[in-house]
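Have a look at the structure below before the remarks.
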Amino acid sequence: MEELGLAVPAASPSNLTFTKDLAEIAGVDFVQENGPERLAFKQSLYQQLDELLAPEVLIATSSSGLMMTEIQKGCALHPERCLVGHPFNPPHLIPLVELVAGERTSPDSIKRADAFYTALGKRTIRLNKEVPGHVANRLQGVLIREVMSLVNEGVVTVADADTACSWGPGLRWGVMGPVLLNHLGGGSGGIEHFYQQFAGPLVTWWTPLGEVQLNPEMQKKIVDGLYTEVDGRNIEELACERDRLLMILLKARLAAETVEKSG
């Protein structure tokens, strides 16, 4: 994290404090809640946080898909300071944070949260409305559904589906989003020309997208294919490989941005 400029050289785990007593949270400046993905649990937790914290302290949930409108029903005092601040795994490296307001969240809370995350080197997006799974997880969900469908239909192995993503469009997605890439795909005519060329084929590609039931049989196909792909590597080894490659990509992107800003 020091290499990415996300931690000062003097940073140390010894600066962290751990406690089981929720009352000790009083006096903090910002709360990033990471409790279990259970609505009733979060509503109860937010009720307690709402009573313990000063009114101006923001409470952001890391929930991957629950809606803040439902979560903040547990807050009788200051629901306006509650929002979704959903990071992306691994959160210490991936810059993305999705900001989502509930029905009772104030615009000022979103603005302040945006400034907070941006100051930490994060890249925020603001959702205009709530939707289950927010944005990034929904995009992931569509992709993994099609991977499962292709595996289930015998079109491709799990390993080759992963290779197709990580060594194909995944590399491009690491530098530009799909709509911007479509714009480039249209050449000098841009996205308008892209649609002239590919609107028909795109529809034929997505029209027969398979519907997949994530039942035990489907899960077994993916699990068996996955263990063939990892070939004995454990979780720690895979995580280290992921983080090492992410660091290389992030450092390259940050270096490129520095050059661009310097003119």
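FYI, nothing fancy with the structure tokens labels: chains A, B, ... in order, residues from 1 per chain, ligands from 1 as they appear.
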Determine which residues of region 12-259 of chain A DSSP labels as alpha helix (DSSP H) from the backbone of this structure, then write them out as a ChimeraX atom specification.
/A:39-52,68-71,107-119,136-152,158-166,169-173,178-185,190-206,216-230,235-259
Give me, as a count of residues only, all polymer residues having an atom no more than 12 Å from Cys75 (chain A), counting only C-alpha atoms and skipping those fewer than 3 positions away in the same chain.
28
Nearby residues (only C-alpha atoms) at most 9 Å from Glu153 (chain A), same-chain spacing under 4 positions excluded, as a tab-separated table (two decimals) with N, CA and C atoms, in the first residue's frame:
chain	number	residue	atom	x	y	z
A	148	MET	N	-21.37	-19.72	-16.43
A	148	MET	CA	-22.03	-20.96	-15.99
A	148	MET	C	-22.83	-21.60	-17.11
A	149	SER	N	-23.51	-20.76	-17.88
A	149	SER	CA	-24.30	-21.29	-18.99
A	149	SER	C	-23.41	-21.98	-20.02
A	210	GLY	N	-28.11	-18.05	-21.82
A	210	GLY	CA	-28.73	-19.15	-21.08
A	210	GLY	C	-29.22	-18.75	-19.71
Top pick for closest residue to Thr207 (chain A), considering A:Thr19, A:Glu146, A:Glu98, A:Cys165 and counting only C-alpha atoms
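Under the stated criterion, the closest residue is A:Glu146.
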Residue among A:Val155, A:Val135, A:Val57, A:Val203 lying closest to Leu96 (chain A), counting only C-alpha atoms
A:Val135
Gap from CA of Arg138 (chain A) to CA of Ser63 (chain A) - Å, one decimal:
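The value is 13.5 Å.
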Enter the distance from CA of Phe194 (chain A) to CA of Gln140 (chain A), in Å, rounded to one decimal.
23.6 Å
